[in-house]
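*Asks:* Data file start38.tsv (TSV, C-alpha atoms and all ligand atoms) is appended below.
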```
chain	number	residue	atom	x	y	z
J	21	MET	CA	-33.23	80.64	18.86
J	22	SER	CA	-35.88	77.99	18.44
J	23	ALA	CA	-35.51	74.38	19.48
J	24	MET	CA	-35.57	73.54	15.76
J	25	ASP	CA	-32.51	75.80	15.08
J	26	VAL	CA	-30.57	74.21	17.93
J	27	GLU	CA	-31.35	70.77	16.57
J	28	ARG	CA	-30.18	71.75	13.05
J	29	LYS	CA	-26.95	73.17	14.46
J	30	ASP	CA	-26.31	69.90	16.29
J	31	VAL	CA	-26.96	67.89	13.17
J	32	ARG	CA	-24.50	70.07	11.21
J	33	LYS	CA	-21.91	69.67	13.98
J	34	THR	CA	-22.32	65.90	13.88
J	35	VAL	CA	-21.97	65.83	10.09
J	36	TYR	CA	-18.74	67.86	10.32
J	37	MET	CA	-17.38	65.54	12.99
J	38	VAL	CA	-18.16	62.47	10.88
J	39	LEU	CA	-16.51	64.05	7.83
J	40	LEU	CA	-13.42	64.98	9.84
J	41	VAL	CA	-13.13	61.42	11.18
J	42	LEU	CA	-13.53	60.01	7.66
J	43	VAL	CA	-10.76	62.28	6.35
J	44	LEU	CA	-8.45	61.31	9.22
J	45	ILE	CA	-9.15	57.60	8.68
J	46	SER	CA	-8.54	57.76	4.94
J	47	MET	CA	-5.30	59.78	5.14
J	48	PRO	CA	-2.99	57.06	6.49
J	49	ALA	CA	-4.50	54.63	3.98
J	50	ALA	CA	-3.59	57.01	1.16
J	51	PHE	CA	-0.03	57.33	2.46
J	52	ASN	CA	0.28	53.57	2.93
J	53	PHE	CA	-0.87	52.96	-0.59
J	54	GLN	CA	1.82	55.25	-2.00
J	55	SER	CA	4.67	53.97	0.14
J	56	THR	CA	3.76	50.31	-0.51
J	57	LYS	CA	3.85	50.93	-4.24
J	58	ALA	CA	7.22	52.73	-4.08
J	59	LEU	CA	8.73	50.03	-1.83
J	60	VAL	CA	8.25	47.27	-4.40
J	61	GLU	CA	11.37	48.05	-6.38
J	62	ILE	CA	13.89	45.34	-7.14
J	63	SER	CA	17.54	45.62	-8.15
J	64	ALA	CA	18.27	44.49	-11.68
J	65	ASN	CA	21.66	43.53	-13.05
J	66	VAL	CA	22.14	45.79	-16.07
J	67	ASP	CA	24.88	45.33	-18.66
J	68	VAL	CA	25.26	47.85	-21.45
J	69	TYR	CA	26.91	46.23	-24.47
J	70	SER	CA	29.88	46.61	-24.84
J	71	ASP	CA	30.72	48.76	-21.79
J	72	VAL	CA	32.12	51.52	-24.04
J	73	LEU	CA	30.42	54.01	-26.32
J	74	ASN	CA	32.24	56.10	-28.90
J	75	LEU	CA	30.05	59.16	-29.37
J	76	VAL	CA	31.15	59.79	-32.98
J	77	SER	CA	30.76	56.18	-34.18
J	78	LYS	CA	27.63	54.98	-35.96
J	79	GLY	CA	25.03	52.37	-35.13
J	80	THR	CA	21.27	52.08	-34.92
J	81	TRP	CA	20.88	50.32	-31.58
J	82	LEU	CA	22.49	50.18	-28.17
J	83	SER	CA	21.79	46.77	-26.60
J	84	VAL	CA	21.32	46.41	-22.87
J	85	TYR	CA	20.99	43.10	-21.02
J	86	ILE	CA	18.79	42.94	-17.92
J	87	GLU	CA	18.85	40.17	-15.32
J	88	LEU	CA	16.39	40.07	-12.42
J	89	PRO	CA	16.86	38.64	-8.91
J	90	GLU	CA	15.71	35.09	-8.15
J	91	GLY	CA	11.92	34.79	-8.03
J	92	TYR	CA	11.38	37.34	-10.81
J	93	ASP	CA	10.98	36.44	-14.46
J	94	VAL	CA	12.48	38.60	-17.23
J	95	ASN	CA	9.62	37.40	-19.46
J	96	ASN	CA	7.33	39.55	-17.31
J	97	ILE	CA	9.18	42.78	-18.13
J	98	SER	CA	6.77	45.23	-19.69
J	99	VAL	CA	9.08	46.59	-22.41
J	100	SER	CA	6.96	49.69	-23.01
J	101	THR	CA	7.88	50.90	-19.49
J	102	VAL	CA	11.65	50.43	-19.90
J	103	MET	CA	13.63	53.67	-19.92
J	104	LEU	CA	17.29	54.65	-19.97
J	105	ASN	CA	18.13	57.47	-17.54
J	106	ASP	CA	14.41	58.35	-17.50
J	107	THR	CA	15.00	59.85	-20.95
J	108	VAL	CA	15.20	57.28	-23.75
J	109	SER	CA	12.45	54.66	-24.22
J	110	ALA	CA	13.30	51.09	-25.18
J	111	ASN	CA	12.37	49.68	-28.56
J	112	ALA	CA	9.31	47.41	-28.49
J	113	SER	CA	11.30	44.26	-29.27
J	114	MET	CA	12.79	42.27	-26.41
J	115	VAL	CA	14.78	39.06	-26.74
J	116	ILE	CA	15.14	36.58	-23.89
J	117	GLY	CA	18.35	34.58	-23.70
J	118	ASP	CA	21.45	34.06	-21.59
J	119	TYR	CA	24.14	36.03	-23.39
J	120	ASP	CA	26.69	35.74	-20.55
J	121	ASN	CA	26.03	32.00	-20.01
J	122	ASP	CA	25.61	32.33	-16.25
J	123	THR	CA	22.30	30.33	-16.28
J	124	ILE	CA	20.41	33.48	-15.21
J	125	PRO	CA	18.04	34.43	-18.05
J	126	ASP	CA	18.44	37.93	-19.39
J	127	ALA	CA	16.27	40.22	-21.47
J	128	MET	CA	17.99	42.13	-24.27
J	129	VAL	CA	16.37	45.49	-24.87
J	130	LEU	CA	17.39	48.01	-27.52
J	131	PHE	CA	17.69	51.77	-27.22
J	132	ASP	CA	18.09	54.22	-30.09
J	133	ARG	CA	21.87	54.66	-30.08
J	134	SER	CA	21.84	58.24	-31.35
J	135	GLU	CA	19.25	59.25	-28.72
J	136	VAL	CA	21.55	57.84	-26.01
J	137	ILE	CA	24.53	59.68	-27.54
J	138	THR	CA	22.52	62.92	-27.70
J	139	PHE	CA	21.59	62.45	-24.03
J	140	ILE	CA	25.26	61.92	-23.00
J	141	ALA	CA	26.49	64.81	-25.15
J	142	GLY	CA	23.78	66.96	-23.56
J	143	GLN	CA	25.51	66.41	-20.19
J	144	ASN	CA	28.64	67.99	-21.74
J	145	ILE	CA	30.51	64.69	-21.41
J	146	THR	CA	33.00	63.97	-24.22
J	147	PHE	CA	35.37	61.56	-22.46
J	148	GLY	CA	35.27	59.51	-19.25
J	149	ASN	CA	32.78	57.32	-17.45
J	150	VAL	CA	29.03	57.70	-17.51
J	151	ILE	CA	26.48	55.86	-15.38
J	152	LEU	CA	23.57	54.61	-17.45
J	153	THR	CA	20.51	53.58	-15.46
J	154	VAL	CA	17.80	51.35	-16.85
J	155	SER	CA	14.42	51.25	-15.10
J	156	GLY	CA	11.05	49.74	-15.85
J	157	GLU	CA	8.18	47.67	-14.56
J	158	LEU	CA	7.09	44.06	-14.61
J	159	LYS	CA	3.54	43.25	-15.72
J	160	ASP	CA	2.38	43.12	-12.07
J	161	GLY	CA	3.65	46.67	-11.45
J	162	THR	CA	6.87	45.66	-9.64
J	163	ALA	CA	9.49	48.28	-10.47
J	164	PHE	CA	13.10	47.41	-11.27
J	165	VAL	CA	16.20	49.54	-11.65
J	166	GLY	CA	19.87	48.88	-12.35
J	167	SER	CA	22.93	50.75	-13.58
J	168	ASP	CA	26.09	50.18	-15.55
J	169	GLU	CA	29.19	52.32	-15.94
J	170	VAL	CA	30.13	53.00	-19.54
J	171	GLY	CA	33.37	54.50	-20.83
J	172	VAL	CA	32.78	57.17	-23.47
J	173	SER	CA	35.07	58.86	-25.99
J	174	SER	CA	34.42	61.43	-28.69
J	175	LEU	CA	37.70	60.80	-30.50
J	176	MET	CA	37.36	59.54	-34.08
J	177	GLY	CA	39.04	56.12	-34.32
J	178	ASP	CA	39.07	55.44	-30.57
J	179	VAL	CA	37.27	52.08	-30.69
J	180	ASN	CA	38.05	51.07	-27.09
J	181	CYS	CA	37.35	54.58	-25.76
J	182	ASP	CA	40.62	54.89	-23.79
J	183	GLY	CA	41.38	58.37	-25.12
J	184	THR	CA	44.07	57.42	-27.65
J	185	VAL	CA	43.98	56.00	-31.19
J	186	ASP	CA	46.58	53.25	-31.41
J	187	ILE	CA	47.18	49.62	-32.42
J	188	LEU	CA	44.63	48.40	-29.82
J	189	ASP	CA	41.88	50.17	-31.75
J	190	ILE	CA	42.98	48.59	-35.05
J	191	ILE	CA	42.97	45.16	-33.36
J	192	GLU	CA	39.55	45.78	-31.83
J	193	ALA	CA	38.14	46.84	-35.21
J	194	SER	CA	39.63	43.81	-36.93
J	195	LEU	CA	37.71	41.55	-34.51
J	196	SER	CA	34.44	42.79	-35.99
J	197	TYR	CA	35.76	43.22	-39.54
J	198	GLY	CA	33.18	42.30	-42.17
J	199	LEU	CA	30.33	42.10	-39.67
J	200	GLU	CA	27.03	43.89	-40.14
J	201	GLU	CA	24.83	45.38	-37.45
J	202	GLY	CA	22.83	42.65	-35.70
J	203	GLU	CA	25.46	39.94	-36.26
J	204	ALA	CA	27.20	38.44	-33.22
J	205	GLY	CA	30.43	40.33	-32.56
J	206	TRP	CA	29.24	43.51	-34.31
J	207	ASN	CA	30.91	46.54	-32.74
J	208	ALA	CA	29.33	49.90	-33.53
J	209	ASN	CA	32.26	51.62	-31.81
J	210	ALA	CA	34.48	50.61	-34.75
J	211	ASN	CA	32.02	51.94	-37.30
J	212	PHE	CA	33.08	55.46	-38.33
J	213	ALA	CA	32.72	55.49	-42.12
J	214	PRO	CA	30.04	54.50	-44.64
J	215	PRO	CA	28.54	52.00	-45.11
J	216	TYR	CA	27.14	52.59	-41.62
J	217	ASN	CA	25.71	49.07	-41.28
J	218	LYS	CA	29.09	47.35	-41.65
J	219	VAL	CA	32.65	47.44	-40.28
J	220	ASP	CA	34.93	47.24	-43.29
J	221	LEU	CA	38.09	48.64	-44.89
J	222	MET	CA	36.83	52.24	-44.85
J	223	ASP	CA	36.47	52.08	-41.05
J	224	VAL	CA	40.00	50.73	-40.61
J	225	VAL	CA	41.31	53.43	-42.99
J	226	THR	CA	39.52	56.07	-40.88
J	227	ILE	CA	41.02	54.69	-37.66
J	228	ALA	CA	44.48	54.65	-39.29
J	229	ALA	CA	44.02	58.25	-40.45
J	230	HIS	CA	43.61	59.30	-36.81
J	231	TYR	CA	46.41	57.06	-35.53
J	232	GLY	CA	48.39	58.64	-32.70
J	233	GLU	CA	45.73	61.18	-31.76
J	234	SER	CA	44.83	61.60	-28.10
J	235	ILE	CA	42.27	63.42	-26.01
J	236	SER	CA	44.35	66.07	-24.27
Y	301	CA	CA	22.56	35.63	-17.93
Y	302	CA	CA	41.89	53.66	-28.06
Y	303	CA	CA	31.35	51.33	-41.67
```
Would it be possible to restate this file's structure as structure tokens?
*Replies:*
Amino acid sequence: MSAMDVERKDVRKTVYMVLLVLVLISMPAAFNFQSTKALVEISANVDVYSDVLNLVSKGTWLSVYIELPEGYDVNNISVSTVMLNDTVSANASMVIGDYDNDTIPDAMVLFDRSEVITFIAGQNITFGNVILTVSGELKDGTAFVGSDEVGVSSLMGDVNCDGTVDILDIIEASLSYGLEEGEAGWNANANFAPPYNKVDLMDVVTIAAHYGESIS
């Protein structure tokens, strides 16, 4: 072995050592980067309107209200990142208000109601409580997540989703009688019959036709 060969071998050894050190140095940085990103997740207060969902009733949208903790602004929610149960994407429109009048601003986002119903039905749930989780990101990348428990029923006429069709459902339907989708007080859970954009006599007739029925 010539002196030249020995020198080359040493150079190679040194290069390997330097590469190994570089890899070791960069590894913790890579891990830190990931864990820092995952750690920035805040708890949102999520309220699914109106806490019940009749799976055989008709409506275009399911509205969900999102409140963020102090120091975070709902105006910064990036609506294109908002998902329900990691499955259904939010509609592009978002309305800022304070629907529950608690002085904490909330963002109303809309989900395709039939997509949500398809998702719940896909879990083989026809009656009972379902946890709906809404997640998303703010414009600076901060992640938020929050859940709400929703009572579901698949019984025709069961407006309040308690498993029975009775006078309470007629009363509930009468509260939104004459209202069209989008109007304050509109209740899609009382909307069983055409026209599907309005709660009217045909819906009350449908509820009455199923009066006394129960989920056994
Ligand atoms: Ca509020
Ligand atoms: Ca009922
Ligand atoms: Ca109707």
*Asks:* J:Val150, J:Ile116, J:Ala210, J:Val35: which is nearest J:Glu169, counting all atoms listed in the file?
*Replies:*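 Using all atoms listed in the file, J:Glu169 sits closest to J:Val150.
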*Asks:* List as an MDAnalysis selection string the protein and nucleic acid residues near stretch 211-221 of chain J, meaning an atom at most 7 Å away when all atoms listed in the file are counted, but skip any in the same chain fewer than 4 places from it.
*Replies:* chainID J and resid 77:79 196:201 225:226
*Asks:* Only C-alpha atoms, please: the residues just picked out, written as a compact mmCIF listing (two decimals), in the coordinates of the input.
*Replies:*
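As written to disk, out.txt reads:
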```txt
# COMPACT_ATOMS: atom_id res chain seq x y z
CA SER J 77 30.76 56.18 -34.18
CA LYS J 78 27.63 54.98 -35.96
CA GLY J 79 25.03 52.37 -35.13
CA SER J 196 34.44 42.79 -35.99
CA TYR J 197 35.76 43.22 -39.54
CA GLY J 198 33.18 42.30 -42.17
CA LEU J 199 30.33 42.10 -39.67
CA GLU J 200 27.03 43.89 -40.14
CA GLU J 201 24.83 45.38 -37.45
CA VAL J 225 41.31 53.43 -42.99
CA THR J 226 39.52 56.07 -40.88
```
*Asks:* Neighbours of ligand CA 301 (chain Y) within 6 Å, counting only C-alpha atoms and all ligand atoms, as a PyMOL selection string?
*Replies:* chain J and resi 118-126
*Asks:* Print the selection's residues with C-alpha atoms to a file, as a tab-separated table (two decimals), keeping the file's coordinate frame.
*Replies:*
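File selection-v2.tsv, as written:
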```tsv
chain	number	residue	atom	x	y	z
J	118	ASP	CA	21.45	34.06	-21.59
J	119	TYR	CA	24.14	36.03	-23.39
J	120	ASP	CA	26.69	35.74	-20.55
J	121	ASN	CA	26.03	32.00	-20.01
J	122	ASP	CA	25.61	32.33	-16.25
J	123	THR	CA	22.30	30.33	-16.28
J	124	ILE	CA	20.41	33.48	-15.21
J	125	PRO	CA	18.04	34.43	-18.05
J	126	ASP	CA	18.44	37.93	-19.39
```
*Asks:* Just give me the gap between atom CA of J:Val170 and atom CA of J:Gln143 in Å, one decimal is fine.
*Replies:* 14.2 Å
*Asks:* Using all atoms listed in the file, pick whichever of J:Ser194, J:Asn65, J:Ser100, J:Asn149 has the shortest atom-to-atom distance to J:Ser167.
*Replies:* J:Asn65
*Asks:* Quick one: everything within 9 Å of stretch 156-159 of chain J, counting all atoms listed in the file, minus sequence neighbours fewer than 3 positions away in the same chain. Send it as number ranges by chain.
*Replies:* J: 61, 92-104, 162-165
*Asks:* Report as number ranges by chain which protein, DNA and RNA residues come within 12 Å of ligand CA 302 (chain Y), using only C-alpha atoms and all ligand atoms.
*Replies:* J: 72-74, 147, 171-193, 209-210, 227-228, 230-235
*Asks:* What is the distance, in Å and to one decimal place, between atom CA of J:Leu75 and atom CA of J:Ser155?
*Replies:*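 Interatomic distance here is 22.6 Å.
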*Asks:* Just checking: using all atoms listed in the file, which residue out of J:Lys33, J:Thr153, J:Phe139, J:Glu27 ends up closest to J:Asn105?
*Replies:*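 Of J:Lys33, J:Thr153, J:Phe139, J:Glu27, the one nearest J:Asn105, counting all atoms listed in the file, is J:Thr153.
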*Asks:* Nearest residue to ligand CA 303 (chain Y) out of J:Val154, J:Met222, J:Ala127, J:Leu82, using all atoms listed in the file?
*Replies:* J:Met222
*Asks:* Could you please determine the separation between atom CA of J:Gly202 and atom CA of J:Asn111 in Å, to one decimal place?
*Replies:*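 Going from atom CA of J:Gly202 over to atom CA of J:Asn111, I get 14.5 Å.
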*Asks:* Neighbouring residues of J:Asp168 were defined as those with any atom within 6 Å, considering all atoms listed in the file; residues of the same chain fewer than 2 positions away were excluded. Please report them as a list in words.
*Replies:* Val66, Asp67, Ile151 and Leu152 of chain J
*Asks:* Generate the output file for the selected residues, C-alpha atoms, as a PDB file, in the coordinates of the input.
*Replies:*
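File written: part26.pdb
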```
ATOM      1  CA  VAL J  66      22.140  45.790 -16.070  1.00  0.00           C
ATOM      2  CA  ASP J  67      24.880  45.330 -18.660  1.00  0.00           C
ATOM      3  CA  ILE J 151      26.480  55.860 -15.380  1.00  0.00           C
ATOM      4  CA  LEU J 152      23.570  54.610 -17.450  1.00  0.00           C
TER       5      LEU J 152
END
```
*Asks:* Determine the nearest neighbour of ligand CA 303 (chain Y) from the options J:Val129, J:Ala229, J:Ala112, J:Val224, counting only C-alpha atoms and all ligand atoms.
*Replies:* J:Val224
*Asks:* Between J:Leu40, J:Ala208, J:Met128, J:Ile145, which has the minimum distance to ligand CA 303 (chain Y) (counting all atoms listed in the file)?
*Replies:*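 Of all the options, J:Ala208 lies closest to ligand CA 303 (chain Y).
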